[in-house]
Amino acid sequence: MYQYNEFDHAFLKDRTAEFRDQVARRLAGELTEDEFKPLRLMNGLYLQLHAYMLRVAIPYGTLSAKQMRQLGMIAKRWDRDWGHFTTRQNIQYNWIKLDDVPDILDALAEVEMHAIQTSGNCIRNVTADQFAGVAADEIEDSRVWAEIIRQWSTLHPEFTFLPRKFKIAITGSEHDRAAVKLHDIGLRMRRNEAGETGFEVIVGGGQGRTPIVGETIRDFLPKQHLLSYLEAILRTYNLLGRRDNLYKARIKILVAAVGIEKFAEMVEEEWLEIKDSALALEPEQIRAIEEHFAPPQYETIAEPVAGFDAARFTDPAFAAWTRTNLFPHKQPGYAVVTVSLKPAGGVPGDATSAQMEALADLAEKYSLGELRIAHEQNVVLPDVRKQDLHRLWQELGEQGLADANIGLITDIISCPGLDYCNLANARAIPIAQRISRHFADPALQSEIGPITLNISGCINACGHHHVGNIGILGVDKKGVEHYQITIGGIADENAAVGRILGPSFPAEEVVDAIDTLIATFRKIREEGETFIDTVQRVGIQPFKETLYANH
Amino acid sequence: MKEKNQVMTANRLGDGAVVYLAEDDDWVLSLDAAEIAESEEEAIRLEERAGLAMKQQKVVGPYLFAVSVTGEYVAPISQREIIRAAGPTVGTDLPETTPLR
Ligand code: HEM
Ligand code: SF4
């Protein structure tokens, strides 16, 4: 993992001391809320419905066991014993007191963490494929590049006051696990004909009220030019992006206005000027960062691993979990484990401090001390020996963390919605809870097969509803919570925005509506089809018909 | 009947807690104890007092919201204010699941 250098440590220390002083001045009445608000937001501190909310960055979703333990400690000591992992690979604490925040920031700094770049019109915390560095299908470890971007973007003097927030995501495989086409800039590692690795550069994607799938402006960017190229994009945007209208300020609006060809031309022109400047990455620079992510000392383990197979054959519940929650590892004899934070009827993405502590312990015991946070709001143990999987699964079970539902209908993404969020129109979590309870039966889930179901409490789309195979959006209809349903959204390399099926439903009818969609799918699916396959084959009409048959 | 009853609310500066303006310029946690404005004039008085409380660094972001009054009981009208008053509803007040077909 990346280790902070002296500069990083000193910078964070200064920053928390500065904020401690600002909080004291605010509480003493020397700063008004108008003066204080931008300062607290720069440190990830929001004021929500019931309390202050602190959003802590987990850069590219990578955590050490020590960091996870500290996140649990913070939840226990300063919050109500739990935290919420989000689609932006952050953790949010919902019940924070203002005068505790400086101490919390100090506690975070102790483990090289902070809440900078989690708010405001800057380049936000960079997100990445949660399996980076370990996935069998990976071209290259994207954390190296995410870290290079993090260092360049944190407090970049030119880009701290952009027209709007700016989100960059990166994936190291052909298969996109980081929804890169739905970010301001998406980067996908590629290999060219000469066998060199580089990036496909995608711009102008985003969700919110105007969901747009990003477009490629460069098929192959050699790695050493990554920063100069990003800088050229940011400059073009910073110069031309609209500052007069909040809703039109994102880069996607600019790209749509000038057209992708013209935008690409402007970027290339800017890039030519700075391509060989100090931003060009020297091989030694890249190597220095790569060293931080050098693969751990893996054991040589012969496949098949007899103990693992025996457990699968004798313990059906374990076998079911291995079918849904494991991903192939680069290293023979190892597996990548996704720990579900989606128990039936639970709150997607929530973990108690006891669970965070247990996950830290389990990471040390079974996963070489590392964890990841997936944008789907789950936790990943990236380096588990196959012979340890059965024991790990049993120990996860003791913490209520052994649900076998990754990629299935109860693996729901949900934003906090009206239960916590100041901008919400409707609740999201209780809808997720009801749906996951409704479809809790493992046999039913397995029969329905792979599907994504995402819920947002308003059009800002923090819960990725636009790109869920099924998307649910909370709307306010004459003061009553209603839910609009879309189908056909996809978040990966085939990204697509879902289509609205028709008028919205009141809360009591949502589960029924989803049940109707699933029943329709089960009736018309062809052999081997997933939900999204069927939607793509037949369109939305058959679903629309059954959904509104009685209306 | 047109609802005219309004209550002044804000978040407390120190911990962000939901508070309501009550007698003697107290900010209280319970909606029960809040002062109710029954006319526009009374609402304006609440706004003035809230403005002062903001200057005194007691609260952040004050605003008025509509309540219904039934006998001695006060209740918010909007879902948002119900949740602010009673806390998150996570897993509590929605009906049980419908049967699978
Ligand atoms: C709790 C306070 C939150 C506030 C005030 C907030 C605010 C917003 C706003 C205003 C947007 C729209 C931006 C735009 O279109 O320009 C947005 C988008 C987004 N937020 Fe949040 N959000 C919150 C929580 C969250 C949470 C909990 C998550 C993760 C679960 C999240 C992840 C995202 C994502 C993924 C997007 C859409 C991507 C995009 O920017 O295009 N946010 N948020
Ligand atoms: S989608 Fe809306 S309700 Fe949900 S967290 Fe974002 S801003 Fe809040």
# chains A, B, ... in the order shown; residues from 1 in each chain; ligands from 1
call {"tool": "residues_near_ligand", "arguments": {"ligand": "ligand 1", "cutoff": "9 Å", "atoms": "only C-alpha atoms and all ligand atoms", "output": "ChimeraX atom specification"}}
result
/A:46-48,53,55,84-92,94,119,164-167,182-184,205-212,246-250,349,375-377,413-417,420-424,456,459-464
call {"tool": "residues_around", "arguments": {"residues": "segment 531-543 of chain A", "least_positions_apart": "4", "cutoff": "10 Å", "atoms": "only C-alpha atoms", "output": "tab-separated table (two decimals) with N, CA, C and O atoms, in the first residue's frame"}}
result
chain	number	residue	atom	x	y	z
A	448	ILE	N	-33.25	-16.08	-10.11
A	448	ILE	CA	-33.34	-14.80	-10.82
A	448	ILE	C	-32.01	-14.48	-11.48
A	448	ILE	O	-31.95	-13.98	-12.60
A	449	GLY	N	-30.92	-14.81	-10.79
A	449	GLY	CA	-29.59	-14.65	-11.38
A	449	GLY	C	-29.06	-13.23	-11.28
A	449	GLY	O	-29.64	-12.38	-10.62
A	450	PRO	N	-27.95	-12.96	-12.00
A	450	PRO	CA	-27.27	-11.66	-11.87
A	450	PRO	C	-28.17	-10.50	-12.27
A	450	PRO	O	-28.83	-10.53	-13.30
A	451	ILE	N	-28.19	-9.50	-11.43
A	451	ILE	CA	-29.02	-8.32	-11.68
A	451	ILE	C	-28.52	-7.21	-10.76
A	451	ILE	O	-28.00	-7.49	-9.69
A	452	THR	N	-28.66	-5.95	-11.20
A	452	THR	CA	-28.35	-4.85	-10.29
A	452	THR	C	-29.60	-4.04	-10.05
A	452	THR	O	-30.39	-3.81	-10.97
A	468	GLY	N	-28.74	1.19	-12.83
A	468	GLY	CA	-29.14	-0.11	-12.31
A	468	GLY	C	-29.93	-0.84	-13.39
A	468	GLY	O	-30.68	-0.21	-14.13
A	469	ASN	N	-29.80	-2.16	-13.48
A	469	ASN	CA	-30.67	-2.93	-14.40
A	469	ASN	C	-32.12	-2.58	-14.06
A	469	ASN	O	-32.96	-2.41	-14.92
A	470	ILE	N	-32.36	-2.50	-12.72
A	470	ILE	CA	-33.60	-1.87	-12.25
A	470	ILE	C	-33.18	-0.65	-11.44
A	470	ILE	O	-32.31	-0.74	-10.57
A	486	THR	N	-37.05	2.57	-13.45
A	486	THR	CA	-36.43	2.46	-14.76
A	486	THR	C	-35.89	1.04	-14.92
A	486	THR	O	-35.56	0.39	-13.93
A	487	ILE	N	-35.77	0.59	-16.16
A	487	ILE	CA	-35.04	-0.66	-16.39
A	487	ILE	C	-34.09	-0.47	-17.56
A	487	ILE	O	-34.25	0.44	-18.37
A	488	GLY	N	-33.09	-1.33	-17.60
A	488	GLY	CA	-32.15	-1.31	-18.74
A	488	GLY	C	-30.86	-0.56	-18.48
A	488	GLY	O	-30.02	-0.46	-19.37
A	489	GLY	N	-30.68	-0.04	-17.28
A	489	GLY	CA	-29.41	0.64	-16.99
A	489	GLY	C	-28.28	-0.35	-16.82
A	489	GLY	O	-28.48	-1.47	-16.36
A	490	ILE	N	-27.08	0.06	-17.23
A	490	ILE	CA	-25.88	-0.78	-17.09
A	490	ILE	C	-24.72	0.13	-16.68
A	490	ILE	O	-24.59	1.23	-17.21
A	498	GLY	N	-30.90	3.73	-17.89
A	498	GLY	CA	-32.17	3.03	-17.90
A	498	GLY	C	-33.31	3.88	-18.43
A	498	GLY	O	-33.22	5.10	-18.48
A	499	ARG	N	-34.39	3.21	-18.85
A	499	ARG	CA	-35.56	3.94	-19.38
A	499	ARG	C	-36.72	3.89	-18.40
A	499	ARG	O	-36.99	2.85	-17.78
A	500	ILE	N	-37.39	5.00	-18.29
A	500	ILE	CA	-38.50	5.11	-17.34
A	500	ILE	C	-39.69	4.30	-17.85
A	500	ILE	O	-40.07	4.40	-19.03
A	501	LEU	N	-40.29	3.50	-16.96
A	501	LEU	CA	-41.39	2.64	-17.40
A	501	LEU	C	-42.73	3.36	-17.43
A	501	LEU	O	-43.61	2.99	-18.21
A	516	THR	N	-43.53	-7.66	-9.80
A	516	THR	CA	-44.14	-7.82	-11.12
A	516	THR	C	-43.07	-7.86	-12.22
A	516	THR	O	-43.12	-8.68	-13.13
A	517	LEU	N	-42.10	-6.96	-12.12
A	517	LEU	CA	-41.03	-6.94	-13.13
A	517	LEU	C	-40.28	-8.27	-13.14
A	517	LEU	O	-39.98	-8.83	-14.20
A	518	ILE	N	-39.99	-8.78	-11.94
A	518	ILE	CA	-39.24	-10.03	-11.85
A	518	ILE	C	-40.09	-11.20	-12.35
A	518	ILE	O	-39.60	-12.08	-13.07
A	519	ALA	N	-41.38	-11.18	-12.00
A	519	ALA	CA	-42.27	-12.25	-12.48
A	519	ALA	C	-42.34	-12.23	-14.00
A	519	ALA	O	-42.30	-13.28	-14.66
A	520	THR	N	-42.42	-11.04	-14.57
A	520	THR	CA	-42.48	-10.91	-16.03
A	520	THR	C	-41.21	-11.48	-16.65
A	520	THR	O	-41.25	-12.26	-17.61
A	521	PHE	N	-40.11	-11.09	-16.07
A	521	PHE	CA	-38.82	-11.60	-16.57
A	521	PHE	C	-38.76	-13.12	-16.52
A	521	PHE	O	-38.36	-13.79	-17.48
A	522	ARG	N	-39.20	-13.68	-15.40
A	522	ARG	CA	-39.11	-15.14	-15.25
A	522	ARG	C	-40.00	-15.84	-16.26
A	522	ARG	O	-39.73	-16.96	-16.69
A	524	ILE	N	-40.76	-14.61	-19.38
A	524	ILE	CA	-40.35	-14.45	-20.79
A	524	ILE	C	-38.88	-14.69	-21.05
A	524	ILE	O	-38.44	-14.67	-22.19
A	525	ARG	N	-38.10	-14.93	-20.01
A	525	ARG	CA	-36.66	-15.12	-20.23
A	525	ARG	C	-36.42	-16.38	-21.05
A	525	ARG	O	-37.15	-17.36	-20.96
A	526	GLU	N	-35.37	-16.34	-21.86
A	526	GLU	CA	-34.96	-17.55	-22.57
A	526	GLU	C	-33.84	-18.20	-21.80
A	526	GLU	O	-33.20	-17.57	-20.97
A	547	LEU	N	-46.61	-4.18	-15.75
A	547	LEU	CA	-46.51	-3.28	-14.59
A	547	LEU	C	-47.73	-2.38	-14.47
A	547	LEU	O	-48.20	-2.11	-13.37
A	548	TYR	N	-48.24	-1.95	-15.60
A	548	TYR	CA	-49.37	-1.01	-15.55
A	548	TYR	C	-50.69	-1.66	-15.94
A	548	TYR	O	-51.68	-0.97	-16.15
A	549	ALA	N	-50.70	-3.00	-15.98
A	549	ALA	CA	-51.90	-3.71	-16.41
A	549	ALA	C	-53.12	-3.33	-15.59
A	549	ALA	O	-54.22	-3.19	-16.11
call {"tool": "interface_residues", "arguments": {"of": "chain B", "to": "chain A", "cutoff": "6 Å", "atoms": "only C-alpha atoms", "output": "list in words"}}
result
Gly14, Asp15, Gly16, Ala17, Val18, Gln57, Pro88, Val90, Gly91 and Thr97 of chain B
call {"tool": "select_by_dssp", "arguments": {"residues": "segment 255-358 of chain A", "states": "alpha helix (DSSP H)", "output": "number ranges by chain"}}
result
A: 255-258, 260-274, 283-292, 306-314, 316-325, 353-358
call {"tool": "write_last_selection", "arguments": {"atoms": "C-alpha atoms", "output": "PDB file, in the first residue's frame"}}
result
ATOM      1  CA  VAL A 255     -18.849  18.160 -24.000  1.00  0.00           C
ATOM      2  CA  ALA A 256     -22.454  17.843 -25.150  1.00  0.00           C
ATOM      3  CA  ALA A 257     -22.530  21.534 -26.113  1.00  0.00           C
ATOM      4  CA  VAL A 258     -19.361  21.631 -28.200  1.00  0.00           C
ATOM      5  CA  ILE A 260     -17.008  15.275 -28.645  1.00  0.00           C
ATOM      6  CA  GLU A 261     -14.814  15.842 -31.744  1.00  0.00           C
ATOM      7  CA  LYS A 262     -14.389  19.521 -31.090  1.00  0.00           C
ATOM      8  CA  PHE A 263     -13.756  18.906 -27.405  1.00  0.00           C
ATOM      9  CA  ALA A 264     -11.132  16.269 -28.234  1.00  0.00           C
ATOM     10  CA  GLU A 265      -9.468  18.713 -30.629  1.00  0.00           C
ATOM     11  CA  MET A 266      -9.261  21.415 -27.962  1.00  0.00           C
ATOM     12  CA  VAL A 267      -7.810  18.972 -25.473  1.00  0.00           C
ATOM     13  CA  GLU A 268      -5.218  17.687 -27.939  1.00  0.00           C
ATOM     14  CA  GLU A 269      -4.216  21.237 -28.772  1.00  0.00           C
ATOM     15  CA  GLU A 270      -3.736  22.107 -25.121  1.00  0.00           C
ATOM     16  CA  TRP A 271      -1.960  18.826 -24.564  1.00  0.00           C
ATOM     17  CA  LEU A 272       0.624  19.437 -27.286  1.00  0.00           C
ATOM     18  CA  GLU A 273       1.725  22.504 -25.349  1.00  0.00           C
ATOM     19  CA  ILE A 274       2.296  20.697 -22.061  1.00  0.00           C
ATOM     20  CA  PRO A 283      10.110   5.856 -15.553  1.00  0.00           C
ATOM     21  CA  GLU A 284      11.763   6.270 -12.122  1.00  0.00           C
ATOM     22  CA  GLN A 285       8.797   8.245 -10.860  1.00  0.00           C
ATOM     23  CA  ILE A 286       6.420   5.520 -11.964  1.00  0.00           C
ATOM     24  CA  ARG A 287       8.649   2.833 -10.484  1.00  0.00           C
ATOM     25  CA  ALA A 288       8.759   4.638  -7.146  1.00  0.00           C
ATOM     26  CA  ILE A 289       4.981   4.512  -6.883  1.00  0.00           C
ATOM     27  CA  GLU A 290       4.838   0.959  -8.220  1.00  0.00           C
ATOM     28  CA  GLU A 291       7.068  -0.145  -5.370  1.00  0.00           C
ATOM     29  CA  HIS A 292       4.377   0.845  -2.899  1.00  0.00           C
ATOM     30  CA  ALA A 306      -8.142 -30.163  -1.576  1.00  0.00           C
ATOM     31  CA  GLY A 307      -9.399 -28.670   1.711  1.00  0.00           C
ATOM     32  CA  PHE A 308     -11.353 -25.987  -0.125  1.00  0.00           C
ATOM     33  CA  ASP A 309     -13.017 -28.452  -2.462  1.00  0.00           C
ATOM     34  CA  ALA A 310     -13.887 -30.843   0.357  1.00  0.00           C
ATOM     35  CA  ALA A 311     -15.623 -28.048   2.282  1.00  0.00           C
ATOM     36  CA  ARG A 312     -17.617 -27.073  -0.796  1.00  0.00           C
ATOM     37  CA  PHE A 313     -18.780 -30.619  -1.330  1.00  0.00           C
ATOM     38  CA  THR A 314     -19.899 -31.101   2.260  1.00  0.00           C
ATOM     39  CA  PRO A 316     -23.941 -26.440   0.733  1.00  0.00           C
ATOM     40  CA  ALA A 317     -24.306 -23.025   2.383  1.00  0.00           C
ATOM     41  CA  PHE A 318     -20.573 -22.472   2.026  1.00  0.00           C
ATOM     42  CA  ALA A 319     -20.691 -23.712  -1.555  1.00  0.00           C
ATOM     43  CA  ALA A 320     -23.426 -21.187  -2.333  1.00  0.00           C
ATOM     44  CA  TRP A 321     -21.308 -18.385  -0.876  1.00  0.00           C
ATOM     45  CA  THR A 322     -18.294 -19.433  -2.946  1.00  0.00           C
ATOM     46  CA  ARG A 323     -20.417 -19.223  -6.088  1.00  0.00           C
ATOM     47  CA  THR A 324     -21.457 -15.608  -5.515  1.00  0.00           C
ATOM     48  CA  ASN A 325     -18.836 -13.942  -3.332  1.00  0.00           C
ATOM     49  CA  SER A 353     -17.918  -0.680  14.734  1.00  0.00           C
ATOM     50  CA  ALA A 354     -17.786  -4.305  15.902  1.00  0.00           C
ATOM     51  CA  GLN A 355     -18.047  -5.456  12.280  1.00  0.00           C
ATOM     52  CA  MET A 356     -15.330  -3.026  11.190  1.00  0.00           C
ATOM     53  CA  GLU A 357     -13.062  -4.301  13.958  1.00  0.00           C
ATOM     54  CA  ALA A 358     -13.841  -7.906  13.035  1.00  0.00           C
TER      55      ALA A 358
END
call {"tool": "atom_distance", "arguments": {"atom1": "atom CA of Ala294 of chain A", "atom2": "atom CA of Thr118 of chain A"}}
result
27.6 Å
call {"tool": "select_by_dssp", "arguments": {"residues": "segment 345-388 of chain A", "states": "strand (DSSP E or B)", "output": "VMD selection string"}}
result
chain A and resid 350 to 352 370 to 373 379 to 385
call {"tool": "write_last_selection", "arguments": {"atoms": "all heavy atoms", "output": "CSV table (one decimal), in the first residue's frame"}}
result
chain,number,residue,atom,x,y,z
A,350,ASP,N,-24.0,-0.2,5.4
A,350,ASP,CA,-23.7,0.1,6.9
A,350,ASP,C,-22.9,-1.0,7.5
A,350,ASP,O,-23.1,-2.2,7.2
A,350,ASP,CB,-25.0,0.1,7.7
A,350,ASP,CG,-25.7,1.5,7.6
A,350,ASP,OD1,-25.2,2.3,6.8
A,350,ASP,OD2,-26.6,1.7,8.4
A,351,ALA,N,-21.9,-0.6,8.3
A,351,ALA,CA,-21.2,-1.6,9.1
A,351,ALA,C,-21.1,-1.1,10.5
A,351,ALA,O,-20.8,0.1,10.7
A,351,ALA,CB,-19.8,-1.8,8.5
A,352,THR,N,-21.3,-1.9,11.5
A,352,THR,CA,-21.1,-1.5,12.9
A,352,THR,C,-19.6,-1.4,13.2
A,352,THR,O,-18.8,-2.0,12.5
A,352,THR,CB,-21.8,-2.5,13.9
A,352,THR,OG1,-21.1,-3.7,13.7
A,352,THR,CG2,-23.3,-2.7,13.6
A,370,GLU,N,-5.0,-6.5,4.2
A,370,GLU,CA,-5.6,-5.5,3.3
A,370,GLU,C,-7.1,-5.7,3.1
A,370,GLU,O,-7.6,-6.8,3.2
A,370,GLU,CB,-4.9,-5.6,2.0
A,370,GLU,CG,-3.8,-4.6,1.8
A,370,GLU,CD,-3.6,-4.2,0.3
A,370,GLU,OE1,-4.6,-4.0,-0.4
A,370,GLU,OE2,-2.4,-4.2,-0.1
A,371,LEU,N,-7.8,-4.6,2.9
A,371,LEU,CA,-9.2,-4.6,2.5
A,371,LEU,C,-9.5,-3.6,1.4
A,371,LEU,O,-8.6,-2.7,1.2
A,371,LEU,CB,-10.1,-4.2,3.7
A,371,LEU,CG,-9.9,-4.9,5.0
A,371,LEU,CD1,-9.1,-4.1,6.0
A,371,LEU,CD2,-11.2,-5.3,5.6
A,372,ARG,N,-10.6,-3.7,0.8
A,372,ARG,CA,-11.0,-2.8,-0.2
A,372,ARG,C,-12.5,-2.4,0.1
A,372,ARG,O,-13.2,-3.3,0.6
A,372,ARG,CB,-10.9,-3.3,-1.6
A,372,ARG,CG,-9.6,-3.9,-2.0
A,372,ARG,CD,-8.5,-2.8,-2.1
A,372,ARG,NE,-7.2,-3.5,-2.3
A,372,ARG,CZ,-6.9,-4.0,-3.5
A,372,ARG,NH1,-7.7,-4.0,-4.5
A,372,ARG,NH2,-5.7,-4.6,-3.6
A,373,ILE,N,-12.9,-1.3,-0.4
A,373,ILE,CA,-14.3,-0.9,-0.4
A,373,ILE,C,-14.8,-0.9,-1.8
A,373,ILE,O,-14.2,-0.2,-2.6
A,373,ILE,CB,-14.6,0.5,0.3
A,373,ILE,CG1,-14.0,0.5,1.7
A,373,ILE,CG2,-16.0,0.8,0.3
A,373,ILE,CD1,-14.5,-0.6,2.6
A,379,VAL,N,-17.5,-4.8,1.1
A,379,VAL,CA,-16.1,-4.8,1.6
A,379,VAL,C,-15.4,-6.0,0.9
A,379,VAL,O,-16.0,-7.1,0.8
A,379,VAL,CB,-16.0,-5.0,3.1
A,379,VAL,CG1,-14.5,-5.1,3.5
A,379,VAL,CG2,-16.6,-3.8,3.8
A,380,VAL,N,-14.1,-5.8,0.5
A,380,VAL,CA,-13.4,-6.9,-0.2
A,380,VAL,C,-12.2,-7.3,0.6
A,380,VAL,O,-11.4,-6.4,1.1
A,380,VAL,CB,-12.9,-6.4,-1.6
A,380,VAL,CG1,-12.1,-7.5,-2.3
A,380,VAL,CG2,-14.2,-6.1,-2.5
A,381,LEU,N,-12.0,-8.6,0.8
A,381,LEU,CA,-10.7,-9.2,1.3
A,381,LEU,C,-10.0,-9.7,0.1
A,381,LEU,O,-10.3,-10.7,-0.4
A,381,LEU,CB,-11.0,-10.2,2.4
A,381,LEU,CG,-11.8,-9.7,3.6
A,381,LEU,CD1,-12.2,-10.9,4.5
A,381,LEU,CD2,-10.9,-8.8,4.4
A,382,PRO,N,-8.9,-9.0,-0.3
A,382,PRO,CA,-8.4,-9.3,-1.6
A,382,PRO,C,-7.4,-10.5,-1.7
A,382,PRO,O,-7.2,-11.1,-2.8
A,382,PRO,CB,-7.6,-8.0,-2.0
A,382,PRO,CG,-7.3,-7.4,-0.7
A,382,PRO,CD,-8.3,-7.8,0.3
A,383,ASP,N,-6.9,-11.0,-0.6
A,383,ASP,CA,-5.8,-12.0,-0.7
A,383,ASP,C,-6.0,-13.2,0.2
A,383,ASP,O,-5.3,-13.4,1.2
A,383,ASP,CB,-4.5,-11.3,-0.4
A,383,ASP,CG,-4.0,-10.3,-1.4
A,383,ASP,OD1,-3.9,-10.8,-2.6
A,383,ASP,OD2,-3.7,-9.2,-1.1
A,384,VAL,N,-7.0,-14.0,0.0
A,384,VAL,CA,-7.3,-15.1,0.9
A,384,VAL,C,-6.9,-16.4,0.3
A,384,VAL,O,-7.2,-16.7,-0.9
A,384,VAL,CB,-8.8,-15.1,1.2
A,384,VAL,CG1,-9.1,-16.2,2.3
A,384,VAL,CG2,-9.3,-13.7,1.7
A,385,ARG,N,-6.1,-17.2,1.1
A,385,ARG,CA,-5.7,-18.5,0.6
A,385,ARG,C,-7.0,-19.4,0.5
A,385,ARG,O,-7.8,-19.4,1.5
A,385,ARG,CB,-4.7,-19.1,1.6
A,385,ARG,CG,-3.4,-18.4,1.7
A,385,ARG,CD,-2.4,-19.2,2.5
A,385,ARG,NE,-3.0,-19.6,3.8
A,385,ARG,CZ,-2.3,-20.4,4.7
A,385,ARG,NH1,-1.1,-20.8,4.4
A,385,ARG,NH2,-2.9,-20.7,5.8
call {"tool": "atom_distance", "arguments": {"atom1": "atom CA of Leu45 of chain A", "atom2": "atom CA of Ile104 of chain A"}}
result
11.3 Å
